[in-house]
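The next block is start_36.cif, given as mmCIF, C-alpha atoms and all ligand atoms.
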data_start
loop_
_atom_site.label_atom_id
_atom_site.label_comp_id
_atom_site.auth_asym_id
_atom_site.auth_seq_id
_atom_site.Cartn_x
_atom_site.Cartn_y
_atom_site.Cartn_z
CA VAL C 1 -29.91 -24.36 4.39
CA SER C 2 -28.77 -24.28 7.96
CA LEU C 3 -30.27 -27.12 9.96
CA LEU C 4 -29.18 -27.05 13.55
CA VAL C 5 -28.55 -30.59 14.72
CA PRO C 6 -29.86 -31.08 18.26
CA GLY C 7 -26.99 -32.02 20.55
CA GLY C 8 -24.57 -30.35 18.13
CA LEU C 9 -21.97 -31.85 15.84
CA THR C 10 -18.31 -32.48 16.58
CA THR C 11 -15.75 -30.50 14.58
CA GLY C 12 -15.15 -33.60 12.44
CA GLN C 13 -18.87 -34.01 11.76
CA GLN C 14 -19.25 -30.32 10.87
CA GLU C 15 -16.35 -30.67 8.44
CA PHE C 16 -17.93 -33.84 7.01
CA ARG C 17 -21.19 -31.95 6.35
CA ARG C 18 -19.33 -28.99 4.80
CA GLU C 19 -17.49 -31.36 2.42
CA LEU C 20 -20.74 -33.14 1.54
CA ARG C 21 -22.47 -29.85 0.75
CA LYS C 22 -19.51 -28.74 -1.34
CA PHE C 23 -19.65 -31.98 -3.30
CA LEU C 24 -23.46 -31.83 -3.75
CA GLY C 25 -23.18 -28.22 -4.92
CA GLN C 26 -20.81 -29.16 -7.76
CA GLN C 27 -21.96 -28.37 -11.27
CA ARG C 28 -22.00 -32.04 -12.33
CA VAL C 29 -24.30 -32.98 -9.41
CA ARG C 30 -26.66 -30.04 -10.02
CA LYS C 31 -26.80 -30.98 -13.71
CA ALA C 32 -27.62 -34.62 -12.87
CA VAL C 33 -30.39 -33.56 -10.44
CA ALA C 34 -31.99 -31.19 -12.99
CA GLU C 35 -31.80 -33.88 -15.69
CA ILE C 36 -33.57 -36.41 -13.44
CA ALA C 37 -36.38 -33.95 -12.60
CA ARG C 38 -37.12 -33.40 -16.31
CA ARG C 39 -37.20 -37.05 -17.34
CA PRO C 40 -40.33 -38.20 -19.14
CA PRO C 41 -42.87 -40.33 -17.22
CA GLY C 42 -41.61 -43.86 -16.70
CA ALA C 43 -37.91 -42.93 -17.03
CA GLU C 44 -37.30 -42.95 -13.29
CA PRO C 45 -33.82 -42.74 -11.83
CA GLY C 46 -32.09 -45.95 -10.82
CA GLN C 47 -28.36 -46.48 -10.53
CA LEU C 48 -27.21 -42.87 -10.35
CA GLU C 49 -23.71 -41.71 -11.12
CA VAL C 50 -24.01 -39.47 -8.06
CA TYR C 51 -24.16 -42.62 -5.90
CA ARG C 52 -20.95 -43.89 -7.47
CA TRP C 53 -19.22 -40.54 -6.94
CA LEU C 54 -20.21 -40.71 -3.27
CA GLY C 55 -19.16 -44.36 -3.12
CA GLU C 56 -15.66 -43.50 -4.41
CA ARG C 57 -15.17 -41.36 -1.28
CA GLY C 58 -16.68 -43.90 1.14
CA TRP C 59 -19.57 -41.46 1.68
CA LEU C 60 -22.41 -43.71 0.57
CA ALA C 61 -22.04 -45.91 3.66
CA PRO C 62 -19.79 -43.89 5.98
CA ALA C 63 -20.75 -45.95 9.06
CA TRP C 64 -19.53 -49.23 7.57
CA PRO C 65 -16.03 -50.52 8.29
CA VAL C 66 -13.34 -49.50 5.80
CA ARG C 67 -12.95 -53.13 4.60
CA TYR C 68 -16.59 -53.03 3.41
CA GLY C 69 -16.24 -49.71 1.58
CA GLY C 70 -17.18 -47.33 4.41
CA LEU C 71 -15.18 -44.93 6.59
CA GLY C 72 -15.74 -46.54 9.99
CA LEU C 73 -17.78 -43.52 11.17
CA GLY C 74 -21.21 -43.59 12.89
CA ALA C 75 -24.96 -43.10 12.65
CA VAL C 76 -24.54 -39.30 12.72
CA GLU C 77 -22.51 -39.26 9.51
CA SER C 78 -24.98 -41.68 7.84
CA ALA C 79 -27.85 -39.36 8.79
CA LEU C 80 -25.94 -36.35 7.47
CA VAL C 81 -25.51 -38.09 4.10
CA THR C 82 -29.25 -38.89 3.90
CA GLU C 83 -30.26 -35.39 4.96
CA GLU C 84 -27.91 -33.61 2.58
CA LEU C 85 -28.75 -35.89 -0.38
CA VAL C 86 -32.47 -35.23 0.00
CA LEU C 87 -32.04 -31.48 0.56
CA ALA C 88 -29.92 -31.34 -2.61
CA GLY C 89 -32.71 -33.05 -4.56
CA VAL C 90 -30.81 -36.29 -5.23
CA PRO C 91 -33.33 -39.18 -5.33
CA ASP C 92 -32.66 -41.22 -2.22
CA ASP C 93 -34.92 -44.28 -2.51
CA LEU C 94 -32.45 -46.72 -4.04
CA TYR C 95 -29.75 -45.53 -1.63
CA VAL C 96 -32.03 -45.95 1.41
CA LEU C 97 -33.12 -49.45 0.33
CA SER C 98 -29.60 -50.62 -0.55
CA ILE C 99 -27.52 -49.04 2.18
CA GLY C 100 -29.92 -48.03 4.95
CA ILE C 101 -31.99 -51.21 4.98
CA VAL C 102 -30.46 -54.24 3.26
CA GLY C 103 -26.80 -53.28 3.75
CA MET C 104 -27.29 -52.33 7.41
CA LEU C 105 -29.09 -55.61 8.10
CA LEU C 106 -26.31 -57.61 6.41
CA LEU C 107 -23.75 -55.72 8.46
CA GLN C 108 -25.58 -56.68 11.66
CA ALA C 109 -26.81 -60.18 10.90
CA GLY C 110 -25.06 -61.42 7.72
CA THR C 111 -22.37 -64.09 7.57
CA ALA C 112 -18.75 -63.09 6.89
CA GLU C 113 -19.21 -64.46 3.36
CA GLN C 114 -22.40 -62.42 2.72
CA LYS C 115 -20.75 -59.26 4.03
CA GLY C 116 -17.57 -59.75 1.99
CA LYS C 117 -19.50 -60.55 -1.19
CA HIS C 118 -22.18 -57.82 -1.09
CA LEU C 119 -21.25 -54.90 1.16
CA PRO C 120 -18.27 -53.47 -0.81
CA LEU C 121 -20.33 -53.45 -4.03
CA LEU C 122 -23.31 -51.79 -2.30
CA ALA C 123 -21.03 -49.22 -0.65
CA SER C 124 -19.38 -48.29 -3.95
CA GLY C 125 -22.74 -47.75 -5.66
CA ASP C 126 -22.00 -50.45 -8.24
CA ARG C 127 -24.69 -52.87 -7.02
CA PHE C 128 -28.05 -52.27 -5.40
CA ALA C 129 -30.55 -54.12 -3.26
CA SER C 130 -34.32 -53.91 -2.85
CA VAL C 131 -36.78 -55.11 -0.20
CA LEU C 132 -39.46 -57.76 -0.82
CA PHE C 133 -41.74 -57.76 2.22
CA THR C 134 -45.23 -56.53 1.22
CA GLU C 135 -47.56 -58.99 -0.54
CA PRO C 136 -50.85 -58.51 -2.39
CA GLU C 137 -52.71 -59.78 0.69
CA CYS C 138 -50.52 -58.39 3.47
CA GLY C 139 -48.73 -55.11 4.20
CA SER C 140 -49.20 -53.75 7.71
CA ASP C 141 -49.88 -57.24 9.00
CA LEU C 142 -46.63 -58.70 7.66
CA ALA C 143 -46.80 -61.75 9.90
CA ALA C 144 -49.60 -63.03 7.62
CA LEU C 145 -47.23 -63.33 4.64
CA GLY C 146 -47.89 -66.16 2.22
CA THR C 147 -44.55 -66.54 0.39
CA LYS C 148 -43.24 -69.99 1.28
CA ALA C 149 -39.73 -71.40 1.42
CA VAL C 150 -39.67 -75.19 1.55
CA ARG C 151 -36.59 -77.19 2.51
CA VAL C 152 -35.22 -79.37 -0.33
CA PRO C 153 -31.97 -81.40 -0.50
CA GLU C 154 -30.14 -78.53 -2.31
CA GLY C 155 -31.37 -75.83 0.12
CA TRP C 156 -34.68 -73.92 -0.13
CA ARG C 157 -37.35 -73.59 -2.82
CA LEU C 158 -39.25 -70.26 -2.79
CA ARG C 159 -42.69 -69.47 -4.20
CA GLY C 160 -44.79 -66.36 -3.72
CA GLU C 161 -45.68 -62.83 -4.80
CA LYS C 162 -44.33 -59.55 -3.47
CA THR C 163 -45.84 -56.20 -4.35
CA TYR C 164 -45.35 -52.43 -3.92
CA ASN C 165 -41.59 -52.90 -3.80
CA GLN C 166 -39.59 -50.15 -5.44
CA LYS C 167 -36.37 -50.23 -7.47
CA SER C 168 -36.32 -54.03 -7.94
CA GLN C 169 -35.96 -53.33 -11.68
CA PHE C 170 -32.56 -51.72 -10.95
CA ALA C 171 -31.38 -53.89 -8.07
CA ASP C 172 -29.22 -57.01 -8.23
CA ILE C 173 -30.30 -58.63 -4.98
CA ALA C 174 -33.34 -58.38 -2.73
CA LEU C 175 -34.05 -59.10 0.90
CA CYS C 176 -37.10 -61.34 0.90
CA ALA C 177 -39.23 -62.50 3.84
CA ALA C 178 -40.74 -65.98 3.52
CA ARG C 179 -42.52 -68.47 5.76
CA THR C 180 -40.31 -71.44 6.60
CA SER C 181 -42.34 -73.04 9.39
CA PRO C 182 -46.08 -73.17 10.03
CA GLY C 183 -47.24 -72.76 13.62
CA PRO C 184 -49.84 -71.26 15.91
CA VAL C 185 -47.94 -67.95 16.30
CA ALA C 186 -47.78 -66.15 12.93
CA GLN C 187 -44.61 -64.20 13.88
CA HIS C 188 -42.65 -67.41 14.41
CA GLY C 189 -41.37 -69.31 11.39
CA ILE C 190 -40.45 -66.40 9.09
CA THR C 191 -36.97 -66.35 7.54
CA LEU C 192 -35.08 -63.69 5.58
CA PHE C 193 -33.36 -64.65 2.33
CA LEU C 194 -31.03 -62.83 -0.04
CA LEU C 195 -32.49 -63.42 -3.45
CA PRO C 196 -30.72 -62.87 -6.80
CA LEU C 197 -33.24 -60.75 -8.75
CA ARG C 198 -31.83 -61.61 -12.17
CA SER C 199 -32.81 -65.27 -11.99
CA PRO C 200 -35.07 -67.32 -14.29
CA GLY C 201 -37.47 -67.92 -11.38
CA VAL C 202 -38.01 -64.21 -10.67
CA HIS C 203 -40.42 -62.10 -12.76
CA ILE C 204 -40.68 -58.34 -12.24
CA GLU C 205 -43.73 -56.45 -13.51
CA PRO C 206 -44.72 -52.79 -13.02
CA VAL C 207 -47.70 -51.95 -10.79
CA PRO C 208 -49.49 -48.70 -11.76
CA GLY C 209 -48.99 -45.82 -9.33
CA MET C 210 -49.23 -42.00 -9.25
CA ALA C 211 -45.66 -41.11 -8.40
CA ASN C 212 -42.62 -41.02 -10.70
CA GLU C 213 -41.10 -43.97 -8.87
CA ARG C 214 -42.74 -47.16 -10.00
CA PHE C 215 -44.02 -50.02 -7.85
CA ASN C 216 -43.28 -53.62 -8.82
CA LEU C 217 -44.96 -56.95 -8.49
CA VAL C 218 -42.26 -59.61 -8.10
CA VAL C 219 -43.42 -63.13 -8.80
CA ILE C 220 -41.11 -65.76 -7.33
CA ASP C 221 -41.72 -68.96 -9.20
CA SER C 222 -39.97 -72.02 -7.80
CA LEU C 223 -36.66 -70.27 -7.12
CA LEU C 224 -33.93 -72.49 -5.67
CA LEU C 225 -31.78 -70.91 -2.95
CA THR C 226 -29.04 -72.39 -0.78
CA GLU C 227 -28.24 -72.19 2.94
CA ALA C 228 -25.75 -69.45 2.06
CA ASP C 229 -28.69 -67.23 1.03
CA VAL C 230 -30.33 -67.30 4.47
CA VAL C 231 -29.81 -64.06 6.45
CA GLY C 232 -29.55 -64.68 10.20
CA GLU C 233 -31.08 -67.81 11.66
CA VAL C 234 -33.85 -69.86 10.06
CA ASP C 235 -37.26 -68.86 11.59
CA ASP C 236 -35.75 -65.73 13.19
CA GLY C 237 -36.84 -63.29 10.46
CA TRP C 238 -39.52 -61.47 12.48
CA ARG C 239 -37.02 -60.33 15.11
CA LEU C 240 -34.56 -59.21 12.43
CA MET C 241 -37.23 -57.30 10.49
CA ASN C 242 -38.15 -55.40 13.63
CA GLU C 243 -34.52 -54.60 14.39
CA MET C 244 -34.09 -53.47 10.81
CA LEU C 245 -37.09 -51.13 11.03
CA GLU C 246 -35.56 -49.52 14.10
CA LEU C 247 -32.40 -48.82 12.11
CA GLU C 248 -34.31 -47.41 9.17
CA ARG C 249 -37.14 -45.52 10.84
CA THR C 250 -35.38 -42.40 12.08
CA GLY C 251 -37.60 -39.99 10.13
CA ILE C 252 -34.49 -38.19 8.78
CA ASP C 253 -35.37 -38.81 5.12
CA PHE C 254 -39.07 -38.00 5.54
CA HIS C 255 -38.20 -34.81 7.40
CA ALA C 256 -35.68 -33.68 4.77
CA LYS C 257 -38.23 -34.21 1.97
CA ALA C 258 -40.79 -32.13 3.87
CA ARG C 259 -38.20 -29.43 4.67
CA ARG C 260 -37.15 -29.12 1.03
CA LEU C 261 -40.78 -28.59 0.00
CA LEU C 262 -41.56 -26.10 2.76
CA ASP C 263 -38.45 -24.05 1.96
CA LEU C 264 -39.60 -23.90 -1.65
CA VAL C 265 -43.07 -22.67 -0.63
CA ILE C 266 -41.53 -20.06 1.71
CA ARG C 267 -39.26 -18.87 -1.14
CA ARG C 268 -42.30 -18.46 -3.40
CA ALA C 269 -44.23 -16.64 -0.69
CA ALA C 270 -41.28 -14.25 -0.26
CA ALA C 271 -40.91 -13.71 -4.02
CA THR C 272 -44.61 -12.87 -4.45
CA GLY C 273 -44.85 -10.64 -1.38
CA LYS C 274 -47.23 -13.03 0.39
CA LEU C 275 -44.82 -13.71 3.23
CA ALA C 276 -45.55 -10.17 4.45
CA GLU C 277 -49.26 -11.02 4.85
CA ASN C 278 -50.46 -12.56 8.11
CA ALA C 279 -52.77 -14.96 6.27
CA TYR C 280 -49.70 -16.66 4.80
CA ALA C 281 -46.96 -15.88 7.31
CA GLY C 282 -48.87 -17.43 10.25
CA PRO C 283 -49.53 -20.87 8.73
CA LEU C 284 -46.01 -20.98 7.20
CA ALA C 285 -44.45 -20.20 10.58
CA ASP C 286 -46.63 -22.93 12.11
CA LEU C 287 -45.40 -25.47 9.54
CA ASP C 288 -41.82 -24.34 10.05
CA ALA C 289 -42.15 -24.97 13.79
CA ARG C 290 -43.70 -28.40 13.22
CA LEU C 291 -40.81 -29.35 10.96
CA ALA C 292 -38.31 -28.11 13.52
CA ALA C 293 -39.98 -30.43 16.06
CA GLY C 294 -39.90 -33.30 13.53
CA HIS C 295 -36.21 -32.61 12.91
CA ALA C 296 -35.44 -32.72 16.63
CA LEU C 297 -37.35 -36.02 16.99
CA ALA C 298 -35.55 -37.53 13.98
CA TRP C 299 -32.15 -36.57 15.35
CA GLU C 300 -33.05 -38.05 18.72
CA GLN C 301 -33.38 -41.39 16.89
CA VAL C 302 -29.97 -40.93 15.31
CA ARG C 303 -28.46 -40.24 18.75
CA ASN C 304 -30.21 -43.37 20.09
CA LEU C 305 -28.75 -45.44 17.25
CA ASP C 306 -25.29 -43.99 17.83
CA ALA C 307 -25.55 -44.97 21.49
CA GLY C 308 -26.71 -48.49 20.50
CA ARG C 309 -30.16 -47.86 22.05
CA PRO C 310 -32.73 -47.71 19.23
CA ASP C 311 -36.25 -47.04 20.50
CA ALA C 312 -39.17 -48.40 18.45
CA VAL C 313 -41.79 -46.10 20.01
CA SER C 314 -39.96 -42.81 19.71
CA SER C 315 -38.89 -43.71 16.15
CA ALA C 316 -42.60 -44.31 15.35
CA MET C 317 -43.24 -40.76 16.67
CA ALA C 318 -40.44 -39.35 14.51
CA LYS C 319 -41.68 -41.12 11.37
CA TRP C 320 -45.30 -40.10 12.01
CA CYS C 321 -44.42 -36.49 12.77
CA ALA C 322 -42.22 -35.96 9.69
CA SER C 323 -44.39 -37.78 7.16
CA GLU C 324 -47.69 -36.21 8.29
CA GLN C 325 -46.52 -32.65 7.51
CA VAL C 326 -46.29 -33.14 3.74
CA ARG C 327 -50.02 -32.87 3.09
CA HIS C 328 -50.23 -29.65 5.14
CA ILE C 329 -47.28 -28.20 3.22
CA LEU C 330 -48.88 -29.14 -0.11
CA ARG C 331 -52.18 -27.53 0.90
CA MET C 332 -50.24 -24.35 1.74
CA ALA C 333 -48.40 -24.62 -1.59
CA SER C 334 -51.72 -24.34 -3.44
CA GLU C 335 -52.60 -21.26 -1.37
CA VAL C 336 -49.26 -19.60 -2.12
CA CYS C 337 -48.71 -20.69 -5.74
CA GLY C 338 -52.25 -21.26 -7.01
CA LEU C 339 -52.51 -23.44 -10.08
CA ASP C 340 -48.82 -22.91 -10.90
CA ALA C 341 -48.17 -25.52 -8.18
CA VAL C 342 -49.42 -28.25 -10.49
CA LEU C 343 -47.24 -27.38 -13.49
CA SER C 344 -45.05 -30.39 -14.15
CA ALA C 345 -41.32 -30.45 -14.84
CA TRP C 346 -41.98 -30.54 -18.60
CA ASP C 347 -43.75 -27.19 -18.54
CA ASP C 348 -41.48 -24.18 -19.14
CA ASP C 349 -43.30 -22.23 -16.41
CA ALA C 350 -42.99 -25.01 -13.80
CA ILE C 351 -41.88 -23.93 -10.35
CA GLU C 352 -38.34 -25.15 -9.56
CA ASP C 353 -38.35 -28.14 -11.92
CA GLY C 354 -41.94 -29.09 -11.07
CA GLN C 355 -41.05 -30.22 -7.53
CA LEU C 356 -44.50 -29.36 -6.18
CA GLU C 357 -46.38 -31.20 -8.91
CA ALA C 358 -44.21 -34.29 -8.34
CA ALA C 359 -44.84 -33.99 -4.59
CA TYR C 360 -48.65 -33.92 -5.06
CA ARG C 361 -48.24 -37.37 -6.62
CA SER C 362 -45.62 -38.83 -4.27
CA GLY C 363 -46.75 -37.12 -1.03
CA PRO C 364 -49.53 -39.59 -0.10
CA GLY C 365 -46.93 -42.37 -0.14
CA HIS C 366 -45.05 -40.77 2.77
CA ARG C 367 -47.91 -41.78 5.10
CA LEU C 368 -47.69 -45.40 3.90
CA ALA C 369 -44.05 -46.25 3.18
CA SER C 370 -41.96 -47.76 5.96
CA GLY C 371 -45.05 -48.38 8.14
CA THR C 372 -48.31 -46.43 7.79
CA SER C 373 -49.32 -43.48 9.96
CA GLU C 374 -52.07 -45.55 11.60
CA ILE C 375 -49.58 -48.27 12.53
CA MET C 376 -47.21 -45.64 13.99
CA LEU C 377 -50.10 -44.28 16.10
CA TYR C 378 -50.95 -47.84 17.16
CA LEU C 379 -47.35 -48.38 18.39
CA ILE C 380 -47.40 -45.09 20.30
CA ALA C 381 -50.87 -45.61 21.83
CA ASN C 382 -50.00 -49.16 22.82
CA ASP C 383 -46.86 -47.96 24.63
CA MET C 384 -48.90 -45.31 26.45
CA GLY C 385 -51.32 -47.98 27.67
CA LEU C 386 -54.19 -46.44 25.70
CA LEU C 387 -55.23 -49.69 23.98
C1 LIG K 401 -43.65 -45.13 -1.53
C2 LIG K 401 -43.76 -46.55 -1.04
C3 LIG K 401 -42.66 -47.39 -1.13
C4 LIG K 401 -42.75 -48.73 -0.71
N1 LIG K 401 -41.68 -49.54 -0.86
C5 LIG K 401 -41.75 -50.83 -0.49
C6 LIG K 401 -40.65 -51.72 -0.72
O1 LIG K 401 -39.61 -51.32 -1.26
N2 LIG K 401 -40.80 -53.01 -0.34
C7 LIG K 401 -41.93 -53.50 0.24
O2 LIG K 401 -41.97 -54.67 0.58
N3 LIG K 401 -43.01 -52.68 0.45
C8 LIG K 401 -42.95 -51.38 0.08
N4 LIG K 401 -44.03 -50.54 0.26
C9 LIG K 401 -45.27 -51.09 0.79
C10 LIG K 401 -45.59 -50.60 2.18
O3 LIG K 401 -44.72 -51.15 3.13
C11 LIG K 401 -47.06 -50.96 2.45
O4 LIG K 401 -47.85 -50.21 1.54
C12 LIG K 401 -47.48 -50.66 3.84
O5 LIG K 401 -46.83 -51.50 4.74
C13 LIG K 401 -49.01 -50.81 4.02
O6 LIG K 401 -49.43 -52.06 3.57
P1 LIG K 401 -50.65 -52.19 2.55
O7 LIG K 401 -50.36 -51.30 1.37
O8 LIG K 401 -50.90 -53.63 2.30
O9 LIG K 401 -51.89 -51.55 3.29
P2 LIG K 401 -52.76 -52.23 4.47
O10 LIG K 401 -51.86 -52.83 5.49
O11 LIG K 401 -53.79 -53.08 3.83
O12 LIG K 401 -53.44 -50.94 5.10
C14 LIG K 401 -54.50 -50.23 4.45
C15 LIG K 401 -54.93 -49.10 5.36
O13 LIG K 401 -55.44 -49.67 6.59
C16 LIG K 401 -54.71 -49.15 7.71
N5 LIG K 401 -54.51 -50.20 8.72
C17 LIG K 401 -53.99 -51.43 8.53
N6 LIG K 401 -53.93 -52.11 9.70
C18 LIG K 401 -54.44 -51.27 10.64
C19 LIG K 401 -54.64 -51.39 12.04
N7 LIG K 401 -54.31 -52.50 12.72
N8 LIG K 401 -55.19 -50.33 12.70
C20 LIG K 401 -55.53 -49.19 12.04
N9 LIG K 401 -55.37 -49.03 10.71
C21 LIG K 401 -54.82 -50.05 10.01
C22 LIG K 401 -53.38 -48.71 7.15
O14 LIG K 401 -52.80 -47.71 7.95
C23 LIG K 401 -53.76 -48.19 5.76
O15 LIG K 401 -54.21 -46.87 5.84
C24 LIG K 401 -43.97 -49.22 -0.15
C25 LIG K 401 -45.07 -48.36 -0.06
C26 LIG K 401 -44.98 -47.05 -0.50
C27 LIG K 401 -46.20 -46.16 -0.40
#
Target format structure tokens, applied to this file:
Amino acid sequence: VSLLVPGGLTTGQQEFRRELRKFLGQQRVRKAVAEIARRPPGAEPGQLEVYRWLGERGWLAPAWPVRYGGLGLGAVESALVTEELVLAGVPDDLYVLSIGIVGMLLLQAGTAEQKGKHLPLLASGDRFASVLFTEPECGSDLAALGTKAVRVPEGWRLRGEKTYNQKSQFADIALCAARTSPGPVAQHGITLFLLPLRSPGVHIEPVPGMANERFNLVVIDSLLLTEADVVGEVDDGWRLMNEMLELERTGIDFHAKARRLLDLVIRRAAATGKLAENAYAGPLADLDARLAAGHALAWEQVRNLDAGRPDAVSSAMAKWCASEQVRHILRMASEVCGLDAVLSAWDDDAIEDGQLEAAYRSGPGHRLASGTSEIMLYLIANDMGLL
């Protein structure tokens, strides 16, 4: 795969990507990826050895300082890791949650003690973190969250329910948003906490879903936390959550997932002779162009991050653009592959380890995860003065 990075890469960055690709092409990595694809339902990947192998080289969190297990590089190298991992078929969800969201927020807003305690273990791939924001009664409208943290002499007592979080069953800690102060403005009075998931007051239950990656309901039942578990300032969680979304929402991961699928469909069209027919070549070229545009938009966000100027509106465009293409690609996959597209990984005739079948089940989630398509359009329209 040759993805041209808009703005180009320095010699060092090109070398970094070559090394990454070499590593991800190793037999042991290919074997691990194939083994994950063929796992039975429910046996989803969690703490992967591949993450630890990357962690040993400082490649899991290359933008973090060396003392926290990184390489002191920048947003470009982080994006290259995400892109290459996804293109190589390595599941990226736990990595994105741990490093891209929780770890990055700790790096920006955590205390020296929180950074020293958690970041090196996250960067080495030995410990993982999940995100507890969404609740049964609130997702897009997060300011309406009902989880409460009440001040007590020992610190804070938390009660509430968080749903649709992923990977909490594998993670050690979670970033949890809770209401600490009531008030007329819902966005005020929310605080972020680092919560130990393996605690008697935390119960994790599966929530049924279509995709291989399970959702969880996390019930927090009278969990006692201390001041040391608060991330940032008390009542300043809303601002931090928004900053965090700007760091996470580049669209790089969504684009790479879409690109991997489209390349597969194009390979099948070539192998079956359909690529020579206008009825297939036209729509595939159209999708290819849309993904190229999505790639350029995603990399613009990475450049903005590197320059310390994240932009919430253009990152909403990048996320929307990349995640919306998956359903068009999957429709085209049925045209090109027919019913073979829905053969799962456990079928001997499955196409490339059943990637398409898995994508029919996980694809709808792309429009919802990390902010829904409608919310992205709302952010864009609002900025354009259309509302
Ligand atoms: C794959 C995946 C992984 C996830 N991982 C996590 C995780 O790790 N941690 C976590 O906390 N959460 C996670 N989520 C939850 C996710 O953040 C929420 O699903 C999302 O924010 C939407 O919230 P909701 O499901 O409550 O839907 P709602 O907010 O109830 O929305 C329902 C529908 O209404 C639309 N809608 C809502 N408000 C508006 C509006 N103002 N204007 C127009 N349309 C609107 C939405 O776009 C959507 O189509 C994950 C979700 C998915 C799919």
Exercise. At what distance in Å, to one decimal, does atom CA of C:Gly139 lie from atom N5 of ligand LIG 401 (chain K)?
Worked result: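 Atom CA of C:Gly139 lies at a distance of 8.8 Å from atom N5 of ligand LIG 401 (chain K).
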For this session: Extract, using all atoms listed in the file, all DNA, RNA and protein residues at most 9 Å from C:Gly103, discarding same-chain residues fewer than 3 positions from it, and format them as a PyMOL selection string.
Result: chain C and resi 61+97-100+106-108+115+118-119+122-123+129
For this session: May I have the residues within 9 Å of ligand LIG 401 (chain K), computed using all atoms listed in the file, as a VMD selection string?
Result: chain C and resid 93 to 94 97 130 to 142 162 to 168 176 to 177 211 213 to 216 362 to 378
Per residue of stretch 300-344 of chain C within 10 Å of stretch 379-387 of chain C, what are the shortest atom pair and its distance in Å to one decimal, counting all atoms listed in the file, with rows by chain and residue number, as CSV?
residue,atom,partner,partner_atom,distance
C:Ala312,CA,C:Leu379,CA,8.2
C:Val313,CA,C:Ile380,CA,5.7
C:Ser314,CA,C:Ile380,CA,7.8
C:Ser315,CA,C:Ile380,CA,9.6
C:Ala316,CA,C:Ile380,CA,6.9
C:Met317,CA,C:Ile380,CA,7.0
C:Trp320,CA,C:Ile380,CA,9.9
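If all atoms listed in the file are the atoms counted, then among C:Glu352, C:Ala296, C:Val218, C:Glu246 the closest residue to C:Arg268 is C:Glu352.
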Problem set entry | Selected residue of minimal separation from C:Ala112 among C:Ile190, C:Leu275, C:Val231, C:Leu195, counting all atoms listed in the file |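 Looking only at the distances to C:Ala112, the closest residue turns out to be C:Val231.
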Exercise. Which residue, C:Ser124, C:Gln14, C:Thr82, C:Gln355, has the smallest gap to C:Leu264 when you use only C-alpha atoms?
Worked result: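 So, comparing all the options, the nearest one is C:Gln355.
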Exercise. Quick one: of C:Ile36, C:Ala256, C:Leu175, C:Val152, who's nearest to C:Val81, counting only C-alpha atoms?
Worked result: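 When distances to C:Val81 are compared using only C-alpha atoms, the smallest one comes from C:Ala256.
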Seminar exercise, completed: Counting only C-alpha atoms, closest pick from C:Leu356, C:Gln325, C:Val150, C:Arg52 relative to C:Pro120 is C:Arg52
Draw an axis-aligned box tight on the listed atoms of stretch 296-306 of chain C, then pad every side by 8 Å and write out centre and edge lengths in Å to one decimal as lines of an AutoDock Vina configuration file.
center_x = -31.3
center_y = -39.1
center_z = 17.0
size_x = 28.1
size_y = 28.7
size_z = 22.1
Exercise. So what do you get for atom CA of C:Val326 versus atom CA of C:Ala289, distance-wise?
Worked result: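 Between these atoms lies a distance of 13.6 Å.
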Missing atoms in stretch 218-224 of chain C: can you complete it with N, CA, C and O atoms, as a compact mmCIF listing (two decimals), in the frame of the given file?
# COMPACT_ATOMS: atom_id res chain seq x y z
N VAL C 218 -43.32 -58.62 -7.85
CA VAL C 218 -42.26 -59.61 -8.10
C VAL C 218 -42.84 -61.00 -7.85
O VAL C 218 -43.25 -61.31 -6.73
N VAL C 219 -42.90 -61.77 -8.92
CA VAL C 219 -43.42 -63.13 -8.80
C VAL C 219 -42.23 -64.08 -8.67
O VAL C 219 -41.34 -64.09 -9.53
N ILE C 220 -42.22 -64.83 -7.57
CA ILE C 220 -41.11 -65.76 -7.33
C ILE C 220 -41.66 -67.16 -7.62
O ILE C 220 -42.55 -67.65 -6.94
N ASP C 221 -41.11 -67.74 -8.68
CA ASP C 221 -41.72 -68.96 -9.20
C ASP C 221 -40.72 -70.11 -9.09
O ASP C 221 -39.85 -70.28 -9.94
N SER C 222 -40.81 -70.84 -7.99
CA SER C 222 -39.97 -72.02 -7.80
C SER C 222 -38.47 -71.68 -7.88
O SER C 222 -37.73 -72.30 -8.64
N LEU C 223 -38.07 -70.70 -7.12
CA LEU C 223 -36.66 -70.27 -7.12
C LEU C 223 -35.87 -71.10 -6.10
O LEU C 223 -36.27 -71.21 -4.94
N LEU C 224 -34.75 -71.67 -6.56
CA LEU C 224 -33.93 -72.49 -5.67
C LEU C 224 -32.85 -71.63 -5.01
O LEU C 224 -32.07 -70.97 -5.71
